[in-house]
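These notes concern the structure reproduced below.
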Amino acid sequence: MTRKSMLAIGIISVSVVVLAGTAISAQDKYSLKSPSGIAFSDFRGYEDWAVVSSARTDEVLKVIVANPTMIKAYKAGVPGNGQPFPEGSKIAKLQWSFKKSTEATFVVDVPDAPTQAFVIEKDSKRFPATGGWGYALFNHDVATGMMTADEAKADCGHVCHVAVKSKDYIFHPYQKR
């Protein structure tokens with residue numbers, strides 16, 4: 001082998017190792033698991049779920065999405081019909097900081113950076129003490145672009161959601177289209 005061939009093989013080998021290392025170190029948000037035992041992978045596909053509602057606080061814009069099981073229940077009248085959401089219902093509240101649009105010809109707030117994903121799933125066997133709902137919070141670090149499971153056990157969801165116990169602990173109604 002010539003010196004040029006060996007140098008080329010060496011450069012290619014180092015490049016492959018660097019690329020592989022980068023791919024391995026890149027975060028897979030679906031590998032995250034909350035202290036309450038909820039895995040982010042339980043919500044795989046949430047990017048394509050139907051919108052339930054939206055909300056805005058002084059700090060964040062929120063879009064609430066639900067899996068097909070929960071959307072079907074909403075369309076059947078749950079919780080207004082007195083029925084609970086079925087097992088396997090999942091809802092995610094996706095949150096962003098916001099800014100004024102610089103492109104719109106009117107005043108409007110638009111999402112800026114993602115801040116959190118608050119997820120809830122109905123599994124009465126796993127979460128009997130909280131009305132059958134499990135809660136988890138995943139934080140998004142804007143600087144790194146990485147998500148982390150919030151270290152606090154997110155059972156505050158149940159405490160906060162007691163105000164809507166008669167609606168099977170869910171705040172947001174399915175908005176009319």
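Residues in the structure tokens are named by chain (A, B, ... in the order shown) and by number from 1 within that chain; ligands are numbered from 1 in the order shown.
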
- Task: Write down as a ChimeraX atom specification the residues belonging to range 65-155 of chain A that are assigned helix (DSSP H, G or I) by DSSP computed on the backbone.
- Result: /A:68-75,128-130

Report as CSV the residues of range 31-54 of chain A within 12 Å of range 72-89 of chain A, each with its shortest atom pair and distance in Å (one decimal), using only C-alpha atoms, ordered by chain and increasing residue number.
```
residue,atom,partner,partner_atom,distance
A:Asp42,CA,A:Gly88,CA,10.0
A:Phe43,CA,A:Ser89,CA,10.6
A:Trp49,CA,A:Lys72,CA,11.8
A:Ala50,CA,A:Lys72,CA,10.4
A:Val51,CA,A:Tyr74,CA,11.4
A:Val52,CA,A:Tyr74,CA,8.8
A:Ser53,CA,A:Tyr74,CA,11.7
```

- Query: Would you give me, as an MDAnalysis selection string, the residues in chain A that DSSP reads as strand (DSSP E)?
  - Reply: chainID A and resid 50:56 61:66 90:100 109:122 133:141 146:149

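With only C-alpha atoms taken into account, the protein and nucleic acid residues at most 6 Å from His140 in chain A (excluding it and anything under 6 positions from it in its own chain) are Thr115, Gln116, Met146 and Met147 of chain A.
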
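When the distance limit is 7 Å and only C-alpha atoms are what count, the residues near Gly132 in chain A, minus those fewer than 5 positions from it on the same chain, are A:Lys122, A:Asp123, A:Ser124, A:Phe127.
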
The selected residues should be written to file as a short mmCIF file (atom, residue, chain, number, x, y, z; two decimals), in the first residue's frame (atoms: C-alpha atoms).
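Wrote again_27.cif, looks like this:
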```
data_model
loop_
_atom_site.label_atom_id
_atom_site.label_comp_id
_atom_site.auth_asym_id
_atom_site.auth_seq_id
_atom_site.Cartn_x
_atom_site.Cartn_y
_atom_site.Cartn_z
CA LYS A 122 -54.68 7.04 31.40
CA ASP A 123 -53.67 3.71 32.89
CA SER A 124 -55.71 2.89 35.98
CA PHE A 127 -51.76 5.05 38.43
#
```

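Computed from the coordinates, the CA of Ile64 in chain A to CA of Asp109 in chain A distance equals 17.2 Å.
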
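Taking only C-alpha atoms into account, Tyr30 in chain A lies nearest to A:Ala149 out of the set A:Ala149, A:Ala104, A:Leu94, A:Val162.
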
- Task: Return the single residue from A:Gln95, A:Ser31, A:Thr148, A:Thr102 that is closest to Thr57 in chain A, with distances computed using only C-alpha atoms.
- Result: A:Gln95

- Task: Name the residues in contact with Phe118 in chain A at a cut-off of 8 Å, using only C-alpha atoms, excluding same-chain residues fewer than 2 positions from it; report them as a PyMOL selection string.
- Result: chain A and resi 92-94+116+120+135-138

Please produce a file of the residues just selected, as a PDB file, in the first residue's frame, where the atoms kept are C-alpha atoms.
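Saved to again_16.pdb:
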```pdb
ATOM      1  CA  ALA A  92     -49.618  16.249  25.584  1.00  0.00           C
ATOM      2  CA  LYS A  93     -49.389  19.934  26.389  1.00  0.00           C
ATOM      3  CA  LEU A  94     -46.576  21.365  24.266  1.00  0.00           C
ATOM      4  CA  GLN A 116     -41.708  21.909  28.000  1.00  0.00           C
ATOM      5  CA  ILE A 120     -50.641  12.665  30.745  1.00  0.00           C
ATOM      6  CA  TYR A 135     -48.295  12.744  34.777  1.00  0.00           C
ATOM      7  CA  ALA A 136     -44.806  13.660  33.585  1.00  0.00           C
ATOM      8  CA  LEU A 137     -42.952  16.797  32.640  1.00  0.00           C
ATOM      9  CA  PHE A 138     -40.118  16.964  30.134  1.00  0.00           C
TER      10      PHE A 138
END
```

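Of note, CA of Leu32 in chain A and CA of Val110 in chain A are spaced 27.8 Å apart.
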